[in-house]
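A.B. asks: Got a structure here, written out as C-alpha cells. Questions coming.
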Amino acid sequence: MSTNLNMVFESPLAGVHHNGHISIQDYTKKHRWGLRGKGAAEALRTQGWDLPEQPNRLVSSNNETLVMALSQREFWLLDPENDALAVAMDEDFITDAYPLFCQDSHAWLVLKGHQTSALMAKLCGVDLRPETFKIGDVAQTQMALINCIIARHDLAGDDVFSLFVDQSFAEYALEALLDARQEFL
Amino acid sequence: MKIMICPLNGPRNISEFVYGGQVKAMPDPQSVSDVEWAKYVFYEKNDIGVVHEWWLHSPSSYWFIAERHNASDEIIRTYPADELFQHRIEFTSNEGET
C-alpha cells in the first residue's frame, strides 16, 4: 500500500525568470521531497541514495538529484530537472521516519551569475563568498529577515545559489532579491 | 549584532534565535503533587549567575542548550540537548484518568 504525498500545484511566482548579469528563476514547481526521523538516513541509503556525510551539506546523487542534509535526521531531495510529481512511498519505507512536504511548504528560487555572493551579502548575515561557502555548502539562516535555506551547488555547469523560503513569503523574497539586484544590472 | 553559536549551524545573528525557557529537571509526572508540577511548569529561578536555557534556531527548528550569564549576558557555551537528555520520556496516563 502506498500513500500519495504531494499534489501538483502552481507556483505563487508562476515560474518567473528575470534575466541579467544575475538571473533569478523560480524553480518552485520543480520536484522535491524530504524525509525526517531517526530512520531517514538508513531508509534513503537502502533506496540507493548517496547522502552528505554531515548536516548542512548537499551532494549530487542518482541522475543529478541533489540530496541536502539539514540535520542528521532530515534530508531533502531536489530534482531541478523535472516538474513536481505526486510522490508515492511504501509504508515500509517510512518506518522510523516521516515525509516532509517541502514541495508544498517552500518556494525555490535559483540565483545565477558572477556577483551572486555580493548580492546575497546585502540580504544575509552569513558569509556566502565562494572561498568560505563552497559548492555543496548549505546554510539555514535568514535572508531579508525571513527564514531561508541557502545552498550553493552546480546546476548544468553553473555555480548557483538555491534559496528555499516559506511559500507564503515567496513574493516578498523575490521583491527583496530584485531590489538588491538593481545595482548589479 | 550579537552573535550566538548554534551547535548545528554555527555562528548566526541573535535575531535568528528564540528563547525557550530554563532547563529544569522534570519531576515524575505520575507521582508529583499538583503544586510541585505547577512550580515546574511556571516558576523560573531569578538568581544572578550562569543559567542553562533552551534556545531555538528558528530557520532550522533546532533546539539546543545555552549556558549564559544573566547579568553580563555573556553566552559561555552552547551544545546539543542530547548532552543532557539521552532517553525519550514516555507519558502514559494513570488507569482511570482521561
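Starting from 1 in every chain, residues are counted up; chains themselves are A, B, ... following the order of the C-alpha cells, and ligands are numbered from 1 as listed.
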Can you build me a table of chain B residues sitting at most 8 Å from chain A, with the closest atom pair per residue and its distance in Å to one decimal, using only C-alpha atoms, sorted by chain and residue number, as a tab-separated table?

C.D. replies:
```
residue	atom	partner	partner_atom	distance
B:Leu8	CA	A:Ser71	CA	7.5
B:Asn9	CA	A:Gln140	CA	6.9
B:Arg12	CA	A:Val126	CA	7.2
B:Asn13	CA	A:Gly125	CA	7.0
B:Glu16	CA	A:Gln142	CA	6.9
B:Ser58	CA	A:Asn147	CA	7.4
B:Pro59	CA	A:Asn147	CA	4.9
B:Ser60	CA	A:Gln140	CA	5.8
```

A.B. asks: Which parts of segment 53-112 of chain A does DSSP call alpha helix (DSSP H) when run on the backbone here, written out as a ChimeraX atom specification?

C.D. replies: /A:102-105

A.B. asks: Taking N, CA, C and O atoms for each residue, export the selection above as a compact mmCIF listing (two decimals), in the first residue's frame.

C.D. replies:
```
# COMPACT_ATOMS: atom_id res chain seq x y z
N CYS A 102 8.07 19.44 1.56
CA CYS A 102 8.79 20.66 1.15
C CYS A 102 8.38 21.11 -0.24
O CYS A 102 8.63 22.25 -0.62
N GLN A 103 7.74 20.24 -1.01
CA GLN A 103 7.19 20.67 -2.30
C GLN A 103 6.13 21.75 -2.08
O GLN A 103 6.07 22.73 -2.80
N ASP A 104 5.31 21.54 -1.07
CA ASP A 104 4.19 22.45 -0.82
C ASP A 104 4.56 23.59 0.11
O ASP A 104 3.99 24.67 0.04
N SER A 105 5.50 23.35 1.02
CA SER A 105 5.75 24.34 2.07
C SER A 105 6.68 25.45 1.63
O SER A 105 6.61 26.55 2.15
```

A.B. asks: Once DSSP has gone over the backbone, tell me which residues of chain B are in strand (DSSP E or B), as JSON, numbers by chain.

C.D. replies: {"B": [3, 4, 5, 6, 10, 11, 12, 13, 17, 18, 19, 20, 21, 22, 50, 51, 52, 53, 54, 55, 56, 57, 62, 63, 64, 65, 66, 67, 68, 69, 75, 76, 77, 78, 79, 80]}

A.B. asks: Ranking B:Gln86, B:Glu53, B:Met26, B:Tyr19 by minimum distance to Ala38 of chain B and counting only C-alpha atoms, which one comes first?

C.D. replies: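 Closest candidate: B:Met26.
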
A.B. asks: Kindly give the distance, in Å, that separates atom CA of Ala144 of chain A and atom CA of Thr28 of chain A, rounded to a single decimal.

C.D. replies: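 About the pair atom CA of Ala144 of chain A and atom CA of Thr28 of chain A: they are 19.0 Å apart.
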
A.B. asks: Quick one: residues within 10 Å of Asp82 of chain B, only C-alpha atoms counted, chain neighbours fewer than 4 positions away excluded, as a list in words?

C.D. replies: Phe64, Ile65, Gln86 and His87 of chain B

A.B. asks: Could you write out that same residue set with N, CA and C atoms as a short mmCIF file (atom, residue, chain, number, x, y, z; two decimals), in the first residue's frame?

C.D. replies:
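What ended up in result.cif:
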```cif
data_model
loop_
_atom_site.label_atom_id
_atom_site.label_comp_id
_atom_site.auth_asym_id
_atom_site.auth_seq_id
_atom_site.Cartn_x
_atom_site.Cartn_y
_atom_site.Cartn_z
N PHE B 64 18.47 23.62 21.25
CA PHE B 64 19.73 23.27 21.90
C PHE B 64 19.78 23.98 23.25
N ILE B 65 20.88 23.79 23.96
CA ILE B 65 21.01 24.36 25.30
C ILE B 65 22.17 25.36 25.31
N GLN B 86 19.37 11.92 27.28
CA GLN B 86 19.75 10.75 26.48
C GLN B 86 18.55 9.86 26.15
N HIS B 87 17.52 9.94 26.97
CA HIS B 87 16.41 8.99 26.82
C HIS B 87 15.10 9.72 26.56
#
```

A.B. asks: Do a neighbour search on Pro7 of chain B at 8 Å with only C-alpha atoms, toss out local chain neighbours closer than 3 positions, and write the hits as a list in words.

C.D. replies: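 So, after excluding close chain neighbours, the residues are Gly10, Phe64, Thr78, Tyr79 and Pro80 of chain B.
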
A.B. asks: Mind dumping the selected residues with N, CA, C and O atoms as a short mmCIF file (atom, residue, chain, number, x, y, z; two decimals), in the first residue's frame?

C.D. replies:
```
data_model
loop_
_atom_site.label_atom_id
_atom_site.label_comp_id
_atom_site.auth_asym_id
_atom_site.auth_seq_id
_atom_site.Cartn_x
_atom_site.Cartn_y
_atom_site.Cartn_z
N GLY B 10 26.37 26.78 13.41
CA GLY B 10 27.49 27.70 13.55
C GLY B 10 27.04 29.09 13.97
O GLY B 10 25.91 29.28 14.42
N PHE B 64 18.47 23.62 21.25
CA PHE B 64 19.73 23.27 21.90
C PHE B 64 19.78 23.98 23.25
O PHE B 64 18.84 24.66 23.65
N THR B 78 27.31 26.70 24.09
CA THR B 78 26.07 26.14 23.55
C THR B 78 26.35 24.70 23.15
O THR B 78 27.46 24.38 22.69
N TYR B 79 25.39 23.83 23.32
CA TYR B 79 25.62 22.42 23.00
C TYR B 79 24.30 21.71 22.70
O TYR B 79 23.22 22.18 23.10
N PRO B 80 24.37 20.56 21.98
CA PRO B 80 23.14 19.84 21.64
C PRO B 80 22.44 19.31 22.90
O PRO B 80 23.10 18.98 23.89
#
```

A.B. asks: Find the spatial neighbours of segment 66-68 of chain A, counting only C-alpha atoms, within a cut-off of 7 Å - ignore same-chain residues fewer than 3 positions away - and output them as a list in words.

C.D. replies: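 Near neighbours after the sequence-gap exclusion: Leu51, Arg57, Leu58, Val59, Ser60, Ser61, Phe75, Trp76, Leu77, Leu78 and Asp79 of chain A.
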
A.B. asks: Given the choices B:Lys2, B:Lys39, B:Lys24, B:His69, which gets closest to Trp54 of chain B if the distance is worked out from only C-alpha atoms?

C.D. replies: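 Selected residue with least distance to Trp54 of chain B: B:Lys24.
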
A.B. asks: Counting only C-alpha atoms, figure out which residue out of A:Ser162, A:Tyr98, A:Arg152, A:Glu171 gets nearest to Glu131 of chain A.

C.D. replies: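 Using only C-alpha atoms, the shortest distance to Glu131 of chain A belongs to A:Arg152.
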